[in-house]
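Visitor: Sharing start.txt below, compact mmCIF, C-alpha atoms:
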```txt
# COMPACT_ATOMS: atom_id res chain seq x y z
CA MET A 1022 63.73 -4.32 -17.74
CA ILE A 1023 61.88 -2.63 -14.89
CA ARG A 1024 58.85 -2.11 -17.08
CA ALA A 1025 58.85 -5.79 -18.10
CA GLN A 1026 59.09 -6.91 -14.47
CA THR A 1027 56.26 -4.58 -13.51
CA THR A 1028 54.13 -6.00 -16.29
CA ARG A 1029 54.82 -9.56 -15.14
CA VAL A 1030 53.96 -8.69 -11.53
CA ARG A 1031 50.72 -7.06 -12.62
CA ALA A 1032 49.87 -10.09 -14.74
CA LEU A 1033 50.54 -12.41 -11.79
CA VAL A 1034 48.45 -10.32 -9.39
CA HIS A 1035 45.62 -10.25 -11.93
CA SER A 1036 45.90 -14.00 -12.43
CA VAL A 1037 45.82 -14.71 -8.69
CA LEU A 1038 43.07 -12.30 -7.68
CA LEU A 1039 40.79 -12.01 -10.69
CA THR A 1040 40.93 -15.31 -12.58
CA GLN A 1041 40.18 -18.94 -11.73
CA ARG A 1042 43.77 -20.12 -12.18
CA PHE A 1043 44.59 -20.20 -8.45
CA PHE A 1044 41.07 -20.47 -7.07
CA VAL A 1045 41.41 -24.02 -5.72
CA PRO A 1046 44.66 -23.51 -3.76
CA ILE A 1047 43.35 -20.21 -2.37
CA ALA A 1048 40.09 -21.89 -1.32
CA LEU A 1049 41.96 -24.76 0.34
CA MET A 1050 44.20 -22.31 2.16
CA LEU A 1051 41.17 -20.41 3.43
CA LEU A 1052 39.60 -23.65 4.69
CA VAL A 1053 42.78 -24.47 6.60
CA VAL A 1054 42.82 -20.97 8.09
CA GLU A 1055 39.15 -21.33 9.00
CA THR A 1056 39.77 -24.65 10.71
CA ILE A 1057 42.48 -23.17 12.89
CA LEU A 1058 40.58 -19.95 13.57
CA THR A 1059 37.28 -21.62 14.44
CA TYR A 1060 38.98 -24.12 16.75
CA ALA A 1061 40.77 -21.24 18.49
CA ILE A 1062 37.49 -19.37 18.92
CA ILE A 1063 35.91 -22.41 20.58
CA GLN A 1064 38.89 -22.73 22.92
CA ARG A 1065 39.30 -19.08 23.83
CA VAL A 1066 35.89 -17.38 23.56
CA SER A 1067 33.18 -18.17 26.07
CA TYR A 1068 30.07 -19.96 24.87
CA THR A 1069 26.88 -17.91 25.34
CA GLU A 1070 23.68 -19.74 26.23
CA ILE A 1071 20.68 -18.40 24.34
CA ASP A 1072 18.51 -21.13 22.82
CA TRP A 1073 20.50 -24.38 23.10
CA GLN A 1074 18.88 -25.51 26.36
CA THR A 1075 15.47 -24.53 25.02
CA TYR A 1076 16.11 -26.66 21.94
CA MET A 1077 17.02 -29.58 24.19
CA GLN A 1078 13.88 -29.10 26.30
CA GLN A 1079 11.69 -29.04 23.21
CA VAL A 1080 13.38 -32.17 21.85
CA HIS A 1081 12.95 -33.95 25.20
CA GLY A 1082 9.22 -33.28 24.94
CA VAL A 1083 9.09 -35.06 21.59
CA LEU A 1084 11.30 -37.92 22.77
CA SER A 1085 8.95 -38.34 25.74
CA GLY A 1086 6.08 -38.99 23.35
CA GLU A 1087 4.43 -35.58 22.91
CA ARG A 1088 3.20 -34.95 19.36
CA ASN A 1089 1.10 -31.83 19.91
CA TYR A 1090 3.26 -28.89 18.82
CA THR A 1091 1.33 -26.44 20.99
CA LYS A 1092 2.50 -28.33 24.08
CA LEU A 1093 6.20 -28.36 23.24
CA GLN A 1094 7.91 -25.59 25.18
CA GLY A 1095 11.30 -24.44 26.41
CA ASP A 1096 12.62 -21.74 28.71
CA THR A 1097 12.72 -19.12 25.95
CA GLY A 1098 9.49 -20.04 24.18
CA PRO A 1099 7.44 -22.64 22.30
CA LEU A 1100 8.67 -24.90 19.51
CA VAL A 1101 8.16 -22.94 16.28
CA TYR A 1102 10.40 -24.88 13.90
CA PRO A 1103 9.43 -27.69 11.49
CA ALA A 1104 9.98 -31.36 12.26
CA GLY A 1105 13.38 -31.62 10.59
CA PHE A 1106 14.70 -29.43 13.38
CA VAL A 1107 13.33 -31.88 15.96
CA TRP A 1108 15.00 -34.92 14.40
CA ILE A 1109 18.39 -33.23 13.86
CA TYR A 1110 18.51 -31.78 17.36
CA SER A 1111 17.42 -35.15 18.74
CA VAL A 1112 20.62 -36.54 17.25
CA LEU A 1113 22.58 -33.64 18.73
CA CYS A 1114 20.91 -34.34 22.07
CA ALA A 1115 22.15 -37.94 21.95
CA LEU A 1116 25.65 -36.90 20.88
CA THR A 1117 25.99 -34.36 23.69
CA ASN A 1118 24.70 -36.36 26.67
CA ASN A 1119 21.23 -34.79 26.62
CA GLY A 1120 22.65 -31.40 25.70
CA THR A 1121 24.96 -31.12 28.69
CA HIS A 1122 28.23 -31.56 26.76
CA VAL A 1123 28.16 -28.15 25.08
CA ARG A 1124 31.80 -28.26 23.94
CA ARG A 1125 31.06 -31.40 21.92
CA ALA A 1126 28.12 -29.59 20.32
CA GLN A 1127 30.45 -26.72 19.45
CA TYR A 1128 32.74 -29.11 17.61
CA VAL A 1129 29.75 -30.48 15.68
CA PHE A 1130 28.83 -26.93 14.68
CA MET A 1131 32.43 -26.28 13.73
CA GLY A 1132 32.02 -29.17 11.28
CA ILE A 1133 28.78 -27.64 10.01
CA TYR A 1134 30.54 -24.29 9.58
CA LEU A 1135 33.45 -25.78 7.63
CA ALA A 1136 31.08 -27.90 5.50
CA THR A 1137 29.06 -24.77 4.70
CA GLN A 1138 32.22 -22.90 3.74
CA ALA A 1139 33.29 -25.77 1.49
CA LEU A 1140 29.90 -25.86 -0.25
CA VAL A 1141 29.93 -22.10 -0.75
CA LEU A 1142 33.46 -22.18 -2.13
CA MET A 1143 32.41 -24.89 -4.61
CA ILE A 1144 29.46 -22.73 -5.68
CA TYR A 1145 31.78 -19.75 -6.08
CA ARG A 1146 34.22 -21.83 -8.08
CA ARG A 1147 31.53 -23.00 -10.46
CA ALA A 1148 30.07 -19.48 -10.70
CA ARG A 1149 33.58 -18.14 -11.48
CA VAL A 1150 33.65 -15.63 -8.65
CA PRO A 1151 37.07 -13.92 -8.50
CA PRO A 1152 39.26 -15.08 -5.59
CA LEU A 1153 39.74 -11.43 -4.60
CA VAL A 1154 36.51 -11.48 -2.57
CA LEU A 1155 36.93 -14.91 -0.95
CA PRO A 1156 38.48 -13.52 2.26
CA LEU A 1157 35.12 -11.85 2.97
CA LEU A 1158 33.74 -15.35 3.56
CA VAL A 1159 36.04 -16.05 6.49
CA VAL A 1160 36.42 -12.82 8.47
CA SER A 1161 32.93 -12.32 9.87
CA LYS A 1162 32.89 -12.05 13.66
CA ARG A 1163 29.11 -12.41 13.84
CA LEU A 1164 29.02 -15.50 11.63
CA HIS A 1165 31.54 -17.39 13.74
CA SER A 1166 29.52 -16.48 16.82
CA ILE A 1167 26.25 -17.73 15.32
CA PHE A 1168 27.75 -21.08 14.39
CA VAL A 1169 30.03 -22.10 17.26
CA LEU A 1170 29.22 -19.79 20.18
CA ARG A 1171 25.40 -19.81 19.99
CA LEU A 1172 24.53 -23.15 18.30
CA PHE A 1173 21.47 -21.78 16.53
CA ASN A 1174 19.53 -23.89 14.03
CA ASP A 1175 19.89 -21.33 11.22
CA PRO A 1176 23.31 -22.70 10.14
CA VAL A 1177 21.88 -26.22 9.88
CA ALA A 1178 19.08 -25.01 7.61
CA MET A 1179 21.49 -23.06 5.42
CA LEU A 1180 23.82 -26.05 5.07
CA PHE A 1181 21.02 -27.84 3.21
CA ALA A 1182 20.20 -24.67 1.27
CA TYR A 1183 23.75 -24.32 -0.06
CA ALA A 1184 23.85 -28.02 -0.87
CA ALA A 1185 20.69 -27.46 -2.93
CA VAL A 1186 22.21 -24.49 -4.77
CA LEU A 1187 25.36 -26.48 -5.54
CA SER A 1188 23.29 -29.39 -6.83
CA MET A 1189 21.47 -27.01 -9.19
CA THR A 1190 24.75 -25.95 -10.77
CA ARG A 1191 25.35 -29.48 -12.06
CA THR A 1192 23.11 -31.26 -14.55
CA SER A 1193 23.89 -34.63 -12.96
CA THR A 1194 22.75 -33.60 -9.46
CA ARG A 1195 19.99 -31.09 -10.25
CA ARG A 1196 17.24 -33.65 -9.64
CA TRP A 1197 18.14 -33.69 -5.92
CA SER A 1198 17.75 -29.93 -5.48
CA GLY A 1199 14.08 -30.03 -4.45
CA LEU A 1200 14.72 -32.60 -1.74
CA LEU A 1201 17.74 -30.70 -0.41
CA LEU A 1202 15.80 -27.44 -0.30
CA SER A 1203 12.97 -29.21 1.49
CA LEU A 1204 15.38 -30.54 4.10
CA GLY A 1205 16.46 -26.98 4.77
CA ILE A 1206 12.86 -25.82 5.04
CA ALA A 1207 12.22 -28.69 7.46
CA VAL A 1208 14.81 -27.20 9.80
CA LYS A 1209 13.73 -23.56 9.49
CA MET A 1210 11.18 -21.99 7.19
CA ASN A 1211 13.43 -19.11 6.06
CA VAL A 1212 14.82 -21.43 3.34
CA GLN A 1213 11.49 -20.87 1.58
CA LEU A 1214 12.91 -17.51 0.51
CA LEU A 1215 14.94 -19.41 -2.10
CA LEU A 1216 11.93 -21.18 -3.60
CA PRO A 1217 11.01 -18.47 -6.17
CA GLY A 1218 14.56 -18.59 -7.51
CA ALA A 1219 14.54 -22.38 -7.50
CA ALA A 1220 11.27 -22.45 -9.44
CA PHE A 1221 12.79 -20.15 -12.06
CA VAL A 1222 15.86 -22.36 -12.43
CA TRP A 1223 13.73 -25.52 -12.60
CA TRP A 1224 11.62 -23.90 -15.32
CA ARG A 1225 14.73 -22.90 -17.25
CA THR A 1226 16.31 -26.34 -17.02
CA GLY A 1227 13.30 -28.62 -17.39
CA GLY A 1228 10.19 -26.61 -18.14
CA LEU A 1229 6.77 -27.19 -16.61
CA ARG A 1230 7.23 -30.89 -15.88
CA THR A 1231 10.47 -30.48 -13.93
CA THR A 1232 9.10 -27.52 -11.99
CA VAL A 1233 5.95 -29.37 -10.95
CA VAL A 1234 7.88 -32.53 -10.03
CA GLN A 1235 10.35 -30.63 -7.88
CA LEU A 1236 7.60 -28.66 -6.09
CA VAL A 1237 5.76 -31.92 -5.40
CA VAL A 1238 8.97 -33.37 -3.97
CA VAL A 1239 9.29 -30.34 -1.70
CA ALA A 1240 5.70 -30.66 -0.47
CA LEU A 1241 5.63 -34.45 -0.04
CA SER A 1242 8.96 -34.58 1.77
CA GLN A 1243 7.63 -32.05 4.27
CA VAL A 1244 4.73 -34.40 5.00
CA VAL A 1245 7.02 -37.40 5.35
CA ILE A 1246 9.46 -35.62 7.66
CA ALA A 1247 6.62 -34.39 9.86
CA ALA A 1248 4.53 -37.58 9.63
CA PRO A 1249 4.22 -38.29 13.39
CA PHE A 1250 3.01 -34.75 14.05
CA VAL A 1251 0.85 -34.41 10.94
CA TYR A 1252 -0.87 -37.71 11.70
CA ALA A 1253 -1.61 -36.87 15.35
CA PHE A 1254 -2.17 -33.10 15.39
CA PRO A 1255 -1.99 -31.69 11.84
CA HIS A 1256 -3.51 -28.27 12.51
CA GLU A 1257 -1.35 -27.65 15.56
CA TYR A 1258 1.78 -28.66 13.66
CA VAL A 1259 1.19 -26.41 10.64
CA ALA A 1260 0.08 -23.49 12.80
CA ARG A 1261 3.27 -23.56 14.86
CA ALA A 1262 5.91 -24.81 12.43
CA PHE A 1263 4.81 -22.50 9.58
CA GLU A 1264 3.38 -19.50 11.41
CA TYR A 1265 3.57 -16.71 8.85
CA THR A 1266 1.72 -14.21 11.06
CA ARG A 1267 4.18 -14.48 13.95
CA GLN A 1268 4.75 -11.19 15.77
CA PHE A 1269 8.42 -10.42 16.28
CA ASN A 1270 9.86 -8.70 19.34
CA PHE A 1271 11.08 -5.18 18.62
CA VAL A 1272 13.86 -5.65 21.19
CA TRP A 1273 15.77 -8.01 18.89
CA THR A 1274 15.31 -6.33 15.52
CA VAL A 1275 18.48 -5.50 13.63
CA ASN A 1276 16.95 -4.00 10.50
CA TRP A 1277 13.99 -1.80 11.52
CA ARG A 1278 15.05 -0.09 14.78
CA PHE A 1279 14.72 3.36 13.21
CA ILE A 1280 10.99 3.07 12.43
CA GLY A 1281 9.93 2.74 16.06
CA ASP A 1282 7.97 0.09 17.94
CA ARG A 1283 4.49 1.28 16.93
CA VAL A 1284 5.13 1.13 13.17
CA PHE A 1285 7.16 -2.07 13.53
CA ALA A 1286 4.25 -3.90 15.16
CA SER A 1287 1.55 -2.54 12.85
CA HIS A 1288 -0.41 -4.68 10.41
CA GLU A 1289 -0.01 -1.99 7.74
CA TRP A 1290 3.79 -2.22 7.91
CA ALA A 1291 3.62 -5.99 7.51
CA LEU A 1292 1.48 -5.56 4.38
CA ILE A 1293 3.87 -2.97 2.93
CA LEU A 1294 6.82 -5.30 3.38
CA ALA A 1295 4.93 -8.24 1.88
CA ALA A 1296 3.92 -6.14 -1.13
CA ALA A 1297 7.50 -4.90 -1.57
CA HIS A 1298 8.79 -8.48 -1.43
CA ILE A 1299 6.37 -9.63 -4.12
CA ALA A 1300 7.11 -6.59 -6.29
CA LEU A 1301 10.86 -7.17 -6.08
CA LEU A 1302 10.50 -10.86 -6.95
CA VAL A 1303 8.41 -9.94 -9.99
CA ALA A 1304 10.98 -7.33 -11.00
CA LEU A 1305 13.78 -9.89 -10.70
CA ALA A 1306 11.84 -12.38 -12.82
CA VAL A 1307 11.05 -9.78 -15.47
CA VAL A 1308 14.25 -7.74 -15.58
CA VAL A 1309 17.24 -9.40 -13.94
CA TRP A 1310 16.99 -13.19 -14.26
CA PRO A 1311 16.19 -13.35 -18.02
CA ARG A 1312 19.07 -10.96 -18.67
CA LEU A 1313 21.50 -13.55 -17.30
CA SER A 1314 20.75 -15.81 -20.27
CA HIS A 1315 20.36 -12.99 -22.82
CA SER A 1316 16.66 -13.77 -23.03
CA THR A 1317 13.28 -12.37 -22.03
CA LEU A 1318 10.67 -13.64 -19.64
CA PRO A 1319 8.05 -14.35 -22.36
CA THR A 1320 10.62 -16.42 -24.25
CA ILE A 1321 11.57 -18.37 -21.13
CA VAL A 1322 7.92 -18.99 -20.24
CA ARG A 1323 7.17 -20.17 -23.79
CA GLN A 1324 10.17 -22.49 -23.83
CA GLY A 1325 9.05 -24.04 -20.56
CA PHE A 1326 5.61 -24.85 -21.93
CA THR A 1327 7.03 -26.25 -25.14
CA ARG A 1328 9.52 -28.40 -23.21
CA ARG A 1329 12.49 -26.76 -24.89
CA ALA A 1330 14.45 -26.70 -21.66
CA HIS A 1331 18.11 -25.80 -21.38
CA SER A 1332 20.49 -28.17 -19.62
CA ASP A 1333 23.33 -25.71 -20.21
CA VAL A 1334 22.11 -23.11 -17.70
CA SER A 1335 25.31 -21.66 -16.25
CA ALA A 1336 26.33 -22.00 -12.63
CA THR A 1337 26.59 -18.22 -12.51
CA GLU A 1338 22.95 -17.89 -13.52
CA VAL A 1339 21.88 -20.43 -10.91
CA ALA A 1340 23.84 -18.74 -8.12
CA VAL A 1341 22.71 -15.21 -8.98
CA VAL A 1342 19.06 -16.24 -9.32
CA MET A 1343 19.01 -18.19 -6.06
CA PHE A 1344 21.00 -15.66 -4.05
CA SER A 1345 19.07 -12.63 -5.32
CA ALA A 1346 15.73 -14.32 -4.61
CA ASN A 1347 16.87 -14.89 -1.04
CA PHE A 1348 18.32 -11.40 -0.77
CA VAL A 1349 15.12 -9.53 -1.59
CA GLY A 1350 13.40 -11.60 1.09
CA ILE A 1351 16.06 -10.44 3.55
CA VAL A 1352 15.62 -6.80 2.52
CA CYS A 1353 11.86 -7.02 3.06
CA ALA A 1354 11.94 -9.20 6.17
CA ARG A 1355 9.49 -8.23 8.91
CA SER A 1356 12.41 -8.43 11.33
CA LEU A 1357 15.97 -9.68 11.28
CA HIS A 1358 17.31 -11.14 14.52
CA TYR A 1359 21.05 -11.52 15.03
CA GLN A 1360 21.22 -15.21 14.09
CA PHE A 1361 19.44 -14.45 10.80
CA TYR A 1362 22.74 -13.11 9.42
CA ALA A 1363 23.50 -16.75 8.59
CA TRP A 1364 20.67 -16.61 6.05
CA TYR A 1365 22.75 -14.59 3.58
CA ALA A 1366 26.22 -13.76 4.91
CA HIS A 1367 27.87 -16.32 2.61
CA MET A 1368 25.98 -14.91 -0.37
CA LEU A 1369 27.17 -11.32 0.03
CA PRO A 1370 30.54 -11.54 -1.78
CA LEU A 1371 28.93 -13.00 -4.91
CA LEU A 1372 26.10 -10.46 -4.85
CA LEU A 1373 28.57 -7.61 -4.37
CA VAL A 1374 30.57 -8.80 -7.38
CA HIS A 1375 27.45 -9.27 -9.50
CA ALA A 1376 26.25 -5.77 -8.56
CA ARG A 1377 29.34 -4.45 -10.40
CA LEU A 1378 30.22 -2.02 -7.64
CA PRO A 1379 33.55 -0.19 -7.89
CA LEU A 1380 36.28 -2.44 -6.52
CA VAL A 1381 36.91 -0.21 -3.50
CA ALA A 1382 33.20 -0.19 -2.66
CA VAL A 1383 32.93 -3.98 -2.29
CA PRO A 1384 34.75 -4.28 1.06
CA VAL A 1385 33.23 -1.00 2.25
CA VAL A 1386 29.64 -2.15 1.70
CA TRP A 1387 30.44 -5.55 3.20
CA LEU A 1388 32.01 -3.87 6.25
CA VAL A 1389 28.96 -1.65 6.77
CA ILE A 1390 26.74 -4.75 6.79
CA GLU A 1391 29.07 -6.67 9.11
CA CYS A 1392 29.33 -3.76 11.54
CA ALA A 1393 25.55 -3.29 11.60
CA TRP A 1394 25.12 -6.94 12.57
CA ASN A 1395 27.66 -6.53 15.38
CA VAL A 1396 25.94 -3.59 17.08
CA PHE A 1397 23.98 -4.85 20.10
CA PRO A 1398 21.42 -3.69 20.75
CA SER A 1399 20.82 -2.21 17.33
CA THR A 1400 20.45 1.55 17.00
CA HIS A 1401 18.71 3.88 14.57
CA THR A 1402 22.09 4.46 12.93
CA SER A 1403 23.03 0.79 12.61
CA SER A 1404 19.68 -0.24 11.16
CA LEU A 1405 19.68 2.68 8.72
CA ALA A 1406 23.22 1.79 7.67
CA LEU A 1407 22.16 -1.83 7.09
CA LEU A 1408 19.21 -0.74 4.97
CA ALA A 1409 21.40 1.65 2.97
CA ALA A 1410 23.94 -1.10 2.24
CA HIS A 1411 21.15 -3.46 1.20
CA ILE A 1412 19.75 -0.84 -1.15
CA VAL A 1413 23.19 -0.30 -2.72
CA ILE A 1414 23.41 -4.01 -3.49
CA LEU A 1415 19.83 -4.16 -4.69
CA VAL A 1416 20.28 -1.24 -7.08
CA GLY A 1417 23.50 -2.80 -8.32
CA ILE A 1418 21.76 -6.10 -9.04
CA PHE A 1419 19.15 -4.36 -11.17
CA ARG A 1420 21.67 -2.15 -12.96
CA ALA A 1421 24.27 -4.86 -13.60
CA PRO A 1422 25.00 -5.33 -17.31
CA THR A 1423 24.24 -8.56 -19.12
CA HIS A 1424 27.08 -10.89 -18.22
CA ALA A 1425 27.11 -14.59 -17.49
CA LYS A 1426 30.66 -14.48 -16.18
CA LEU A 1427 31.69 -12.82 -12.92
CA SER A 1428 35.45 -12.88 -13.41
```
Re-express the file's structure as structure tokens.
Guide:
Amino acid sequence: MIRAQTTRVRALVHSVLLTQRFFVPIALMLLVVETILTYAIIQRVSYTEIDWQTYMQQVHGVLSGERNYTKLQGDTGPLVYPAGFVWIYSVLCALTNNGTHVRRAQYVFMGIYLATQALVLMIYRRARVPPLVLPLLVVSKRLHSIFVLRLFNDPVAMLFAYAAVLSMTRTSTRRWSGLLLSLGIAVKMNVQLLLPGAAFVWWRTGGLRTTVVQLVVVALSQVVIAAPFVYAFPHEYVARAFEYTRQFNFVWTVNWRFIGDRVFASHEWALILAAAHIALLVALAVVVWPRLSHSTLPTIVRQGFTRRAHSDVSATEVAVVMFSANFVGIVCARSLHYQFYAWYAHMLPLLLVHARLPLVAVPVVWLVIECAWNVFPSTHTSSLALLAAHIVILVGIFRAPTHAKLS
């Protein structure tokens, strides 16, 4: 009798935590908890002004008729984000009485946070991620701060990015993925880190034609969104909104504190990181991504040219390809500032599961990353710990066996 009861309890625990049977009610419960928690944070934790007023000042410049990006400034620096940022924050400016009603803006960002969580949970559901790791999506102190206590633009950009990933998991909505990704890029250029993964998925699902069409959509929509600036001052717009040579301030770096200011600012270090990023993307395309479909890169390339595309590409493959493409960009980033955690925090549970780490190691590695992002200012120890955790995940991604199913 006792043995039978124990077996039933084990079966129930396995069903709840490791299968999809109770995924939806668990996800809904987490969203309810998040709603209550995020509202309480807004009510009880003081808002910290960092860039919100600067955003409003930059937007006011545009609304006053200025179209030269080099002349759009704020208290903390020049406007360095694409035009989508300007239009979205213009709406926020109107909704918040020219940026003065900060609490109202916090509620808007609470909505963005909950919408992002919902999109990510839908991706996880389709990718069959076990519910066991879902709590990791909702317990990040830093992530709540970025969204509702700082009002950075990174969450807005990632909302579009996750919408794009979700659209790619469904055959009926995949055609919108290029536009959604472009909308994210139009808010902040970090969303470009997902483009190599998107190109791979487009090639897998539609071959050369689909890939070219989607890339054209991405490019043309950028021109349309930025039309007033591109028409008036095209060089100034591109130079500021997509400044790839921007020099980051060592004071704010989370990931490279241990290398020192001199190496951090050197041109040679920038080249090393760029080369590492390219090498890792090539390795993913050759080793990891084809393995998800039990194929090889030459076969996938040949199928794309012969138009033998696959509409049955799994949601797991889409999520792993997109998230890993973004992740290697994070690992090789010239600098990670505190708000950049929003670029990949929601991706970590899926990547940790895909890396096939021992069950006990999943929360440990996640906790190391979370703690590193909560050390201010960063230290040699915190940045080394962050790099070590990233490497553990990266090695796991490359060593993971061939499986299309995560649970």
Visitor: Between A:Leu1388, A:Leu1215, A:Ile1062, A:Ala1346, which residue has the minimum interatomic distance to Ser1166 (chain A), considering all atoms listed in the file?
Guide: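 Of all the options, A:Ile1062 lies closest to Ser1166 (chain A).
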Visitor: Show me, as a short mmCIF file (atom, residue, chain, number, x, y, z; two decimals) with C-alpha atoms, keeping the file's coordinate frame, the residues that have an atom within 10 Å of Val1272 (chain A) when counting all atoms listed in the file, minus same-chain residues fewer than 3 positions from it.
Guide:
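Below is the file that was written, part.cif:
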```cif
data_model
loop_
_atom_site.label_atom_id
_atom_site.label_comp_id
_atom_site.auth_asym_id
_atom_site.auth_seq_id
_atom_site.Cartn_x
_atom_site.Cartn_y
_atom_site.Cartn_z
CA PHE A 1269 8.42 -10.42 16.28
CA VAL A 1275 18.48 -5.50 13.63
CA ARG A 1278 15.05 -0.09 14.78
CA ASP A 1282 7.97 0.09 17.94
CA HIS A 1358 17.31 -11.14 14.52
CA PRO A 1398 21.42 -3.69 20.75
CA SER A 1399 20.82 -2.21 17.33
#
```
Visitor: What is the CA of Ala1253 (chain A)-CA of Thr1266 (chain A) distance in Å, reported with one decimal?
Guide: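 Between CA of Ala1253 (chain A) and CA of Thr1266 (chain A) the gap works out to 23.3 Å.
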Visitor: Select, from A:Arg1355, A:Arg1420, A:His1288, A:Lys1209, the residue with the minimum atom-to-atom distance to His1375 (chain A), counting only C-alpha atoms.
Guide: A:Arg1420
Visitor: Which distance in Å separates CA of Pro1255 (chain A) and CA of Val1083 (chain A), to one decimal?
Guide: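 Answer for the CA of Pro1255 (chain A) to CA of Val1083 (chain A) separation: 15.1 Å.
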Visitor: Taking 2 positions as the minimum chain separation for residues in the same chain, which residues sit within 10 Å of region 1224-1237 of chain A when counting all atoms listed in the file? Answer as number ranges by chain.
Guide: A: 1189, 1192, 1195-1200, 1202-1203, 1216, 1218-1222, 1239-1243, 1311, 1314, 1321-1334, 1339
Visitor: For region 1179-1182 of chain A, list every protein, DNA or RNA residue within 6 Å, evaluated using only C-alpha atoms, and leave out those in the same chain fewer than 3 positions away; present the list as number ranges by chain.
Guide: A: 1137, 1176, 1185, 1201-1202, 1205
Visitor: Looking at A:Ala1393, A:Ala1336, A:Leu1153, A:Val1374, which one is nearest to Thr1190 (chain A), with distances taken over only C-alpha atoms?
Guide: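 Between A:Ala1393, A:Ala1336, A:Leu1153, A:Val1374, the residue approaching Thr1190 (chain A) most closely is A:Ala1336.
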Visitor: So how far away is CA of Leu1039 (chain A) from CA of Pro1151 (chain A), in Å?
Guide: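 Rounded to one decimal, the two atoms are 4.7 Å apart.
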Visitor: Can you tell me, as an mmCIF file with C-alpha atoms, keeping the file's coordinate frame, which residues sit within 10 Å of (18.5, -3.4, 0.1) in the file's frame, using all atoms listed in the file?
Guide:
```
data_model
loop_
_atom_site.group_PDB
_atom_site.id
_atom_site.type_symbol
_atom_site.label_atom_id
_atom_site.label_comp_id
_atom_site.auth_asym_id
_atom_site.auth_seq_id
_atom_site.Cartn_x
_atom_site.Cartn_y
_atom_site.Cartn_z
ATOM 1 C CA PHE A 1348 18.320 -11.400 -0.770
ATOM 2 C CA VAL A 1349 15.120 -9.530 -1.590
ATOM 3 C CA GLY A 1350 13.400 -11.600 1.090
ATOM 4 C CA ILE A 1351 16.060 -10.440 3.550
ATOM 5 C CA VAL A 1352 15.620 -6.800 2.520
ATOM 6 C CA CYS A 1353 11.860 -7.020 3.060
ATOM 7 C CA LEU A 1407 22.160 -1.830 7.090
ATOM 8 C CA LEU A 1408 19.210 -0.740 4.970
ATOM 9 C CA ALA A 1409 21.400 1.650 2.970
ATOM 10 C CA ALA A 1410 23.940 -1.100 2.240
ATOM 11 C CA HIS A 1411 21.150 -3.460 1.200
ATOM 12 C CA ILE A 1412 19.750 -0.840 -1.150
ATOM 13 C CA VAL A 1413 23.190 -0.300 -2.720
ATOM 14 C CA ILE A 1414 23.410 -4.010 -3.490
ATOM 15 C CA LEU A 1415 19.830 -4.160 -4.690
ATOM 16 C CA VAL A 1416 20.280 -1.240 -7.080
ATOM 17 C CA GLY A 1417 23.500 -2.800 -8.320
#
```
Visitor: Using all atoms listed in the file, find all polymer residues with an atom at most 9 Å away from the point (16.7, -10.4, 16.1); report them as a count of residues only.
Guide: 14
Visitor: Distance table requested - region 1191-1274 of chain A against region 1099-1116 of chain A, cut-off 7 Å, all atoms listed in the file: one row per qualifying residue with the closest atom pair and its distance in Å to one decimal, ordered by chain and rising residue number, as a Markdown table.
Guide:
```
| residue | atom | partner | partner_atom | distance |
| --- | --- | --- | --- | --- |
| A:Leu1204 | CA | A:Gly1105 | CA | 6.9 |
| A:Ala1207 | CA | A:Gly1105 | CA | 4.4 |
| A:Val1208 | CA | A:Phe1106 | CA | 4.2 |
| A:Lys1209 | CA | A:Tyr1102 | CA | 5.7 |
| A:Ile1246 | CA | A:Ala1104 | CA | 6.3 |
| A:Ala1247 | CA | A:Ala1104 | CA | 5.1 |
| A:Arg1261 | CA | A:Val1101 | CA | 5.1 |
| A:Ala1262 | CA | A:Pro1103 | CA | 4.6 |
```
Visitor: Could you tell me which of A:Val1386, A:Phe1044, A:Arg1267, A:Tyr1258 comes closest to Glu1087 (chain A) if we count only C-alpha atoms?
Guide: A:Tyr1258
